[in-house]
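Visitor: Got a file for you: upload-v4.pdb, PDB, C-alpha atoms, pLDDT in the B column.
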```
ATOM      1  CA  MET A   1      19.041  26.924  47.870  1.00 42.00           C
ATOM      2  CA  GLU A   2      18.329  24.863  44.772  1.00 58.00           C
ATOM      3  CA  GLY A   3      18.960  26.193  41.285  1.00 65.00           C
ATOM      4  CA  LYS A   4      16.206  26.792  38.793  1.00 76.00           C
ATOM      5  CA  GLU A   5      15.092  23.726  36.862  1.00 78.00           C
ATOM      6  CA  LEU A   6      16.549  23.442  33.385  1.00 83.00           C
ATOM      7  CA  GLU A   7      14.107  24.338  30.632  1.00 87.00           C
ATOM      8  CA  TRP A   8      14.177  23.007  27.097  1.00 87.00           C
ATOM      9  CA  GLY A   9      13.639  25.329  24.133  1.00 84.00           C
ATOM     10  CA  THR A  10      11.128  23.938  21.659  1.00 80.00           C
ATOM     11  CA  PHE A  11      11.161  24.120  17.873  1.00 76.00           C
ATOM     12  CA  TYR A  12       8.306  26.620  18.104  1.00 79.00           C
ATOM     13  CA  GLY A  13      10.140  28.983  20.470  1.00 84.00           C
ATOM     14  CA  GLY A  14       8.526  27.858  23.729  1.00 87.00           C
ATOM     15  CA  ARG A  15      10.318  26.783  26.896  1.00 91.00           C
ATOM     16  CA  ILE A  16       9.316  23.690  28.893  1.00 91.00           C
ATOM     17  CA  PRO A  17      10.807  22.501  32.201  1.00 93.00           C
ATOM     18  CA  ILE A  18      12.582  19.185  31.586  1.00 93.00           C
ATOM     19  CA  SER A  19      10.421  17.518  34.248  1.00 93.00           C
ATOM     20  CA  GLN A  20       7.363  18.251  32.067  1.00 94.00           C
ATOM     21  CA  LEU A  21       8.707  16.837  28.803  1.00 95.00           C
ATOM     22  CA  SER A  22       7.069  13.606  27.670  1.00 95.00           C
ATOM     23  CA  HIS A  23       8.950  10.323  27.466  1.00 97.00           C
ATOM     24  CA  GLN A  24       8.838  10.563  23.661  1.00 96.00           C
ATOM     25  CA  HIS A  25      10.105  14.141  23.619  1.00 94.00           C
ATOM     26  CA  LEU A  26      13.018  13.292  25.921  1.00 95.00           C
ATOM     27  CA  SER A  27      13.861  10.245  23.791  1.00 96.00           C
ATOM     28  CA  ASN A  28      13.697  12.263  20.570  1.00 95.00           C
ATOM     29  CA  ILE A  29      16.091  14.829  22.043  1.00 93.00           C
ATOM     30  CA  MET A  30      18.591  12.055  22.778  1.00 94.00           C
ATOM     31  CA  TRP A  31      18.261  10.580  19.279  1.00 95.00           C
ATOM     32  CA  TYR A  32      18.450  13.997  17.596  1.00 94.00           C
ATOM     33  CA  TYR A  33      21.680  14.926  19.305  1.00 93.00           C
ATOM     34  CA  GLU A  34      23.201  11.507  18.705  1.00 93.00           C
ATOM     35  CA  LEU A  35      22.205  11.057  15.033  1.00 94.00           C
ATOM     36  CA  VAL A  36      21.869  14.590  13.679  1.00 92.00           C
ATOM     37  CA  CYS A  37      24.381  16.520  15.784  1.00 92.00           C
ATOM     38  CA  GLY A  38      26.831  13.700  16.474  1.00 89.00           C
ATOM     39  CA  TYR A  39      27.083  14.156  20.240  1.00 87.00           C
ATOM     40  CA  LYS A  40      25.129  13.595  23.453  1.00 81.00           C
ATOM     41  CA  PRO A  41      22.818  16.334  24.772  1.00 75.00           C
ATOM     42  CA  VAL A  42      23.061  17.862  28.203  1.00 76.00           C
ATOM     43  CA  PRO A  43      23.298  15.142  30.870  1.00 89.00           C
ATOM     44  CA  GLN A  44      20.038  16.303  32.480  1.00 90.00           C
ATOM     45  CA  ILE A  45      18.071  14.755  29.611  1.00 93.00           C
ATOM     46  CA  GLN A  46      19.488  11.282  30.303  1.00 93.00           C
ATOM     47  CA  ILE A  47      19.099  11.846  34.055  1.00 94.00           C
ATOM     48  CA  GLU A  48      15.408  12.637  33.531  1.00 95.00           C
ATOM     49  CA  ILE A  49      14.905   9.503  31.394  1.00 96.00           C
ATOM     50  CA  ASP A  50      16.669   7.445  34.054  1.00 96.00           C
ATOM     51  CA  LYS A  51      14.644   8.957  36.889  1.00 96.00           C
ATOM     52  CA  ARG A  52      11.182   8.895  35.330  1.00 97.00           C
ATOM     53  CA  PHE A  53      11.370   6.049  32.820  1.00 98.00           C
ATOM     54  CA  GLY A  54      13.922   3.597  34.182  1.00 97.00           C
ATOM     55  CA  GLY A  55      16.528   4.606  31.601  1.00 95.00           C
ATOM     56  CA  ILE A  56      14.417   3.358  28.687  1.00 96.00           C
ATOM     57  CA  ARG A  57      14.759   5.422  25.533  1.00 96.00           C
ATOM     58  CA  LEU A  58      11.832   5.124  23.132  1.00 98.00           C
ATOM     59  CA  PRO A  59      12.307   4.682  19.371  1.00 98.00           C
ATOM     60  CA  TYR A  60      13.023   7.871  17.446  1.00 97.00           C
ATOM     61  CA  HIS A  61       9.936   9.523  15.958  1.00 96.00           C
ATOM     62  CA  PRO A  62      10.932  12.863  14.426  1.00 95.00           C
ATOM     63  CA  LEU A  63       8.063  14.864  12.981  1.00 91.00           C
ATOM     64  CA  ILE A  64       7.814  15.226   9.202  1.00 89.00           C
ATOM     65  CA  SER A  65       6.986  18.891   9.900  1.00 87.00           C
ATOM     66  CA  PHE A  66      10.648  19.524  10.916  1.00 88.00           C
ATOM     67  CA  PRO A  67      12.273  19.430   7.461  1.00 91.00           C
ATOM     68  CA  GLN A  68      15.814  20.304   8.606  1.00 92.00           C
ATOM     69  CA  GLU A  69      15.853  17.312  10.960  1.00 93.00           C
ATOM     70  CA  ILE A  70      14.437  14.970   8.303  1.00 95.00           C
ATOM     71  CA  ASP A  71      16.883  16.287   5.671  1.00 96.00           C
ATOM     72  CA  SER A  72      19.806  15.606   8.007  1.00 96.00           C
ATOM     73  CA  LEU A  73      18.631  12.027   8.524  1.00 97.00           C
ATOM     74  CA  VAL A  74      18.194  11.541   4.760  1.00 97.00           C
ATOM     75  CA  ASN A  75      21.649  13.021   4.034  1.00 97.00           C
ATOM     76  CA  SER A  76      23.161  10.592   6.539  1.00 96.00           C
ATOM     77  CA  GLY A  77      21.458   7.678   4.753  1.00 97.00           C
ATOM     78  CA  TYR A  78      19.276   6.737   7.743  1.00 97.00           C
ATOM     79  CA  THR A  79      15.891   7.116   6.028  1.00 97.00           C
ATOM     80  CA  SER A  80      14.160   7.956   2.755  1.00 96.00           C
ATOM     81  CA  GLY A  81      12.494  10.961   4.369  1.00 93.00           C
ATOM     82  CA  GLN A  82       9.009   9.884   3.361  1.00 92.00           C
ATOM     83  CA  PRO A  83       6.125  10.035   5.878  1.00 90.00           C
ATOM     84  CA  ASN A  84       6.200   6.982   8.157  1.00 93.00           C
ATOM     85  CA  ALA A  85       9.556   5.859   6.685  1.00 95.00           C
ATOM     86  CA  ASP A  86      11.752   3.695   8.882  1.00 97.00           C
ATOM     87  CA  ILE A  87      14.958   5.088  10.364  1.00 98.00           C
ATOM     88  CA  VAL A  88      17.742   2.512  10.235  1.00 98.00           C
ATOM     89  CA  VAL A  89      21.281   3.074  11.529  1.00 97.00           C
ATOM     90  CA  ASP A  90      23.984   0.472  10.879  1.00 95.00           C
ATOM     91  CA  GLY A  91      21.296  -2.088  10.026  1.00 96.00           C
ATOM     92  CA  LYS A  92      19.376  -1.477  13.264  1.00 97.00           C
ATOM     93  CA  TRP A  93      15.822  -0.101  13.272  1.00 98.00           C
ATOM     94  CA  ILE A  94      15.796   3.082  15.391  1.00 96.00           C
ATOM     95  CA  GLY A  95      12.298   4.395  14.696  1.00 97.00           C
ATOM     96  CA  LYS A  96      10.208   5.988  11.996  1.00 96.00           C
ATOM     97  CA  ILE A  97       9.280   9.435  10.774  1.00 95.00           C
ATOM     98  CA  LYS A  98       6.058  10.556  12.392  1.00 89.00           C
ATOM     99  CA  TYR A  99       3.566  11.931   9.931  1.00 83.00           C
ATOM    100  CA  GLU A 100       1.373  14.662  11.436  1.00 68.00           C
TER     101      GLU A 100
END
```
Is it possible to give me this structure as structure tokens?

Guide:
Amino acid sequence: MEGKELEWGTFYGGRIPISQLSHQHLSNIMWYYELVCGYKPVPQIQIEIDKRFGGIRLPYHPLISFPQEIDSLVNSGYTSGQPNADIVVDGKWIGKIKYE
């Protein structure tokens, strides 16, 4: 008997099975945990990226509407925090803030 599929809790309080998360959402989870939290997320996120997207992680595109995430990136010196601002870590472009 297989276990229940892992679900991911969203910022808005919803729950989505990992198999239904978009490539961008999965990639953003990886970046968030690495840059904001300082550690890797649950291995199932990377497994899902490997399985569905050949291990390719998309650039980081956090939403400007998540101020705590943006503030953490600004406090770490990775971005200015402005809409559409680049995110640069150790001189390497990682992505940009998504303005919605």

Visitor: What does the distance from atom CA of Asn75 of chain A to atom CA of Tyr60 of chain A come to in Å, to one decimal?

Guide: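 Spanning atom CA of Asn75 of chain A to atom CA of Tyr60 of chain A is a straight-line distance of 16.8 Å.
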
Visitor: Measure the distance from atom CA of Gly13 of chain A to atom CA of Gly38 of chain A in Å and round it to one decimal.

Guide: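 Separation between atom CA of Gly13 of chain A and atom CA of Gly38 of chain A: 23.0 Å.
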
Visitor: Please determine, counting only C-alpha atoms, which residue among A:Ala85, A:Leu21, A:Ile16, A:Leu6 has the shortest atom-to-atom distance to Pro62 of chain A.

Guide: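 Between A:Ala85, A:Leu21, A:Ile16, A:Leu6, the residue approaching Pro62 of chain A most closely is A:Ala85.
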
Visitor: Evaluated on this file, the PyMOL selection byres ((chain A and resi 71-73) around 10) picks out some residues - which ones are they, written as a PyMOL selection string?

Guide: chain A and resi 32+35-37+62+64+66-70+74-81+87-89+97

Visitor: Atom CA of Trp31 of chain A and atom CA of Asp86 of chain A, how far apart in Å?

Guide: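 If I compute the distance from atom CA of Asp86 of chain A to atom CA of Trp31 of chain A, I get 14.1 Å.
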
Visitor: When distances are computed from all atoms listed in the file, which of A:Gln82, A:Ser27, A:Thr10, A:Gln20 shows the smallest separation from Asp50 of chain A?

Guide: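 Among A:Gln82, A:Ser27, A:Thr10, A:Gln20, it is A:Ser27 that comes nearest to Asp50 of chain A.
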
Visitor: Rank A:Lys96, A:Pro17, A:Phe11, A:Lys4 by their smallest atom-to-atom distance to Pro59 of chain A, using only C-alpha atoms, and report the top residue only.

Guide: A:Lys96

Visitor: How would segment 42-77 of chain A look with N, CA and C atoms restored, written as a PDB file, in the frame of the given file?

Guide:
```pdb
ATOM      1  N   VAL A  42      22.741  17.586  26.804  1.00 76.00           N
ATOM      2  CA  VAL A  42      23.061  17.862  28.203  1.00 76.00           C
ATOM      3  C   VAL A  42      22.705  16.656  29.063  1.00 76.00           C
ATOM      4  N   PRO A  43      23.527  16.341  30.049  1.00 89.00           N
ATOM      5  CA  PRO A  43      23.298  15.142  30.870  1.00 89.00           C
ATOM      6  C   PRO A  43      21.930  15.117  31.553  1.00 89.00           C
ATOM      7  N   GLN A  44      21.327  16.267  31.791  1.00 90.00           N
ATOM      8  CA  GLN A  44      20.038  16.303  32.480  1.00 90.00           C
ATOM      9  C   GLN A  44      18.948  15.562  31.710  1.00 90.00           C
ATOM     10  N   ILE A  45      19.073  15.480  30.397  1.00 93.00           N
ATOM     11  CA  ILE A  45      18.071  14.755  29.611  1.00 93.00           C
ATOM     12  C   ILE A  45      18.137  13.264  29.950  1.00 93.00           C
ATOM     13  N   GLN A  46      19.342  12.695  29.949  1.00 93.00           N
ATOM     14  CA  GLN A  46      19.488  11.282  30.303  1.00 93.00           C
ATOM     15  C   GLN A  46      19.110  11.050  31.757  1.00 93.00           C
ATOM     16  N   ILE A  47      19.463  11.968  32.639  1.00 94.00           N
ATOM     17  CA  ILE A  47      19.099  11.846  34.055  1.00 94.00           C
ATOM     18  C   ILE A  47      17.580  11.789  34.205  1.00 94.00           C
ATOM     19  N   GLU A  48      16.873  12.615  33.468  1.00 95.00           N
ATOM     20  CA  GLU A  48      15.408  12.637  33.531  1.00 95.00           C
ATOM     21  C   GLU A  48      14.811  11.325  33.012  1.00 95.00           C
ATOM     22  N   ILE A  49      15.366  10.794  31.916  1.00 96.00           N
ATOM     23  CA  ILE A  49      14.905   9.503  31.394  1.00 96.00           C
ATOM     24  C   ILE A  49      15.172   8.403  32.417  1.00 96.00           C
ATOM     25  N   ASP A  50      16.334   8.443  33.031  1.00 96.00           N
ATOM     26  CA  ASP A  50      16.669   7.445  34.054  1.00 96.00           C
ATOM     27  C   ASP A  50      15.703   7.523  35.235  1.00 96.00           C
ATOM     28  N   LYS A  51      15.471   8.739  35.695  1.00 96.00           N
ATOM     29  CA  LYS A  51      14.644   8.957  36.889  1.00 96.00           C
ATOM     30  C   LYS A  51      13.178   8.598  36.645  1.00 96.00           C
ATOM     31  N   ARG A  52      12.614   9.061  35.564  1.00 97.00           N
ATOM     32  CA  ARG A  52      11.182   8.895  35.330  1.00 97.00           C
ATOM     33  C   ARG A  52      10.808   7.649  34.552  1.00 97.00           C
ATOM     34  N   PHE A  53      11.737   7.135  33.735  1.00 98.00           N
ATOM     35  CA  PHE A  53      11.370   6.049  32.820  1.00 98.00           C
ATOM     36  C   PHE A  53      12.337   4.866  32.881  1.00 98.00           C
ATOM     37  N   GLY A  54      13.042   4.746  33.985  1.00 97.00           N
ATOM     38  CA  GLY A  54      13.922   3.597  34.182  1.00 97.00           C
ATOM     39  C   GLY A  54      15.035   3.477  33.157  1.00 97.00           C
ATOM     40  N   GLY A  55      15.431   4.612  32.571  1.00 95.00           N
ATOM     41  CA  GLY A  55      16.528   4.606  31.601  1.00 95.00           C
ATOM     42  C   GLY A  55      16.148   4.138  30.214  1.00 95.00           C
ATOM     43  N   ILE A  56      14.868   3.879  29.988  1.00 96.00           N
ATOM     44  CA  ILE A  56      14.417   3.358  28.687  1.00 96.00           C
ATOM     45  C   ILE A  56      14.207   4.506  27.706  1.00 96.00           C
ATOM     46  N   ARG A  57      14.923   4.434  26.606  1.00 96.00           N
ATOM     47  CA  ARG A  57      14.759   5.422  25.533  1.00 96.00           C
ATOM     48  C   ARG A  57      13.828   4.832  24.483  1.00 96.00           C
ATOM     49  N   LEU A  58      12.798   5.564  24.148  1.00 98.00           N
ATOM     50  CA  LEU A  58      11.832   5.124  23.132  1.00 98.00           C
ATOM     51  C   LEU A  58      12.438   5.236  21.740  1.00 98.00           C
ATOM     52  N   PRO A  59      11.855   4.517  20.749  1.00 98.00           N
ATOM     53  CA  PRO A  59      12.307   4.682  19.371  1.00 98.00           C
ATOM     54  C   PRO A  59      12.169   6.143  18.934  1.00 98.00           C
ATOM     55  N   TYR A  60      12.977   6.501  17.973  1.00 97.00           N
ATOM     56  CA  TYR A  60      13.023   7.871  17.446  1.00 97.00           C
ATOM     57  C   TYR A  60      11.831   8.103  16.535  1.00 97.00           C
ATOM     58  N   HIS A  61      11.083   9.166  16.788  1.00 96.00           N
ATOM     59  CA  HIS A  61       9.936   9.523  15.958  1.00 96.00           C
ATOM     60  C   HIS A  61       9.961  11.018  15.648  1.00 96.00           C
ATOM     61  N   PRO A  62      10.912  11.450  14.802  1.00 95.00           N
ATOM     62  CA  PRO A  62      10.932  12.863  14.426  1.00 95.00           C
ATOM     63  C   PRO A  62       9.706  13.203  13.585  1.00 95.00           C
ATOM     64  N   LEU A  63       9.252  14.430  13.711  1.00 91.00           N
ATOM     65  CA  LEU A  63       8.063  14.864  12.981  1.00 91.00           C
ATOM     66  C   LEU A  63       8.418  15.280  11.556  1.00 91.00           C
ATOM     67  N   ILE A  64       7.607  14.859  10.604  1.00 89.00           N
ATOM     68  CA  ILE A  64       7.814  15.226   9.202  1.00 89.00           C
ATOM     69  C   ILE A  64       7.759  16.749   9.032  1.00 89.00           C
ATOM     70  N   SER A  65       7.120  17.431   9.985  1.00 87.00           N
ATOM     71  CA  SER A  65       6.986  18.891   9.900  1.00 87.00           C
ATOM     72  C   SER A  65       8.271  19.635  10.263  1.00 87.00           C
ATOM     73  N   PHE A  66       9.354  18.905  10.621  1.00 88.00           N
ATOM     74  CA  PHE A  66      10.648  19.524  10.916  1.00 88.00           C
ATOM     75  C   PHE A  66      11.620  19.159   9.792  1.00 88.00           C
ATOM     76  N   PRO A  67      11.519  19.856   8.650  1.00 91.00           N
ATOM     77  CA  PRO A  67      12.273  19.430   7.461  1.00 91.00           C
ATOM     78  C   PRO A  67      13.790  19.412   7.637  1.00 91.00           C
ATOM     79  N   GLN A  68      14.361  20.302   8.435  1.00 92.00           N
ATOM     80  CA  GLN A  68      15.814  20.304   8.606  1.00 92.00           C
ATOM     81  C   GLN A  68      16.278  19.008   9.284  1.00 92.00           C
ATOM     82  N   GLU A  69      15.522  18.547  10.264  1.00 93.00           N
ATOM     83  CA  GLU A  69      15.853  17.312  10.960  1.00 93.00           C
ATOM     84  C   GLU A  69      15.742  16.123  10.008  1.00 93.00           C
ATOM     85  N   ILE A  70      14.649  16.066   9.249  1.00 95.00           N
ATOM     86  CA  ILE A  70      14.437  14.970   8.303  1.00 95.00           C
ATOM     87  C   ILE A  70      15.525  14.986   7.231  1.00 95.00           C
ATOM     88  N   ASP A  71      15.840  16.174   6.695  1.00 96.00           N
ATOM     89  CA  ASP A  71      16.883  16.287   5.671  1.00 96.00           C
ATOM     90  C   ASP A  71      18.229  15.788   6.184  1.00 96.00           C
ATOM     91  N   SER A  72      18.548  16.076   7.425  1.00 96.00           N
ATOM     92  CA  SER A  72      19.806  15.606   8.007  1.00 96.00           C
ATOM     93  C   SER A  72      19.839  14.083   8.080  1.00 96.00           C
ATOM     94  N   LEU A  73      18.714  13.487   8.449  1.00 97.00           N
ATOM     95  CA  LEU A  73      18.631  12.027   8.524  1.00 97.00           C
ATOM     96  C   LEU A  73      18.748  11.395   7.129  1.00 97.00           C
ATOM     97  N   VAL A  74      18.111  12.030   6.141  1.00 97.00           N
ATOM     98  CA  VAL A  74      18.194  11.541   4.760  1.00 97.00           C
ATOM     99  C   VAL A  74      19.642  11.655   4.268  1.00 97.00           C
ATOM    100  N   ASN A  75      20.274  12.801   4.496  1.00 97.00           N
ATOM    101  CA  ASN A  75      21.649  13.021   4.034  1.00 97.00           C
ATOM    102  C   ASN A  75      22.637  12.057   4.684  1.00 97.00           C
ATOM    103  N   SER A  76      22.307  11.570   5.855  1.00 96.00           N
ATOM    104  CA  SER A  76      23.161  10.592   6.539  1.00 96.00           C
ATOM    105  C   SER A  76      22.864   9.162   6.096  1.00 96.00           C
ATOM    106  N   GLY A  77      21.815   8.995   5.262  1.00 97.00           N
ATOM    107  CA  GLY A  77      21.458   7.678   4.753  1.00 97.00           C
ATOM    108  C   GLY A  77      20.651   6.834   5.723  1.00 97.00           C
TER     109      GLY A  77
END
```
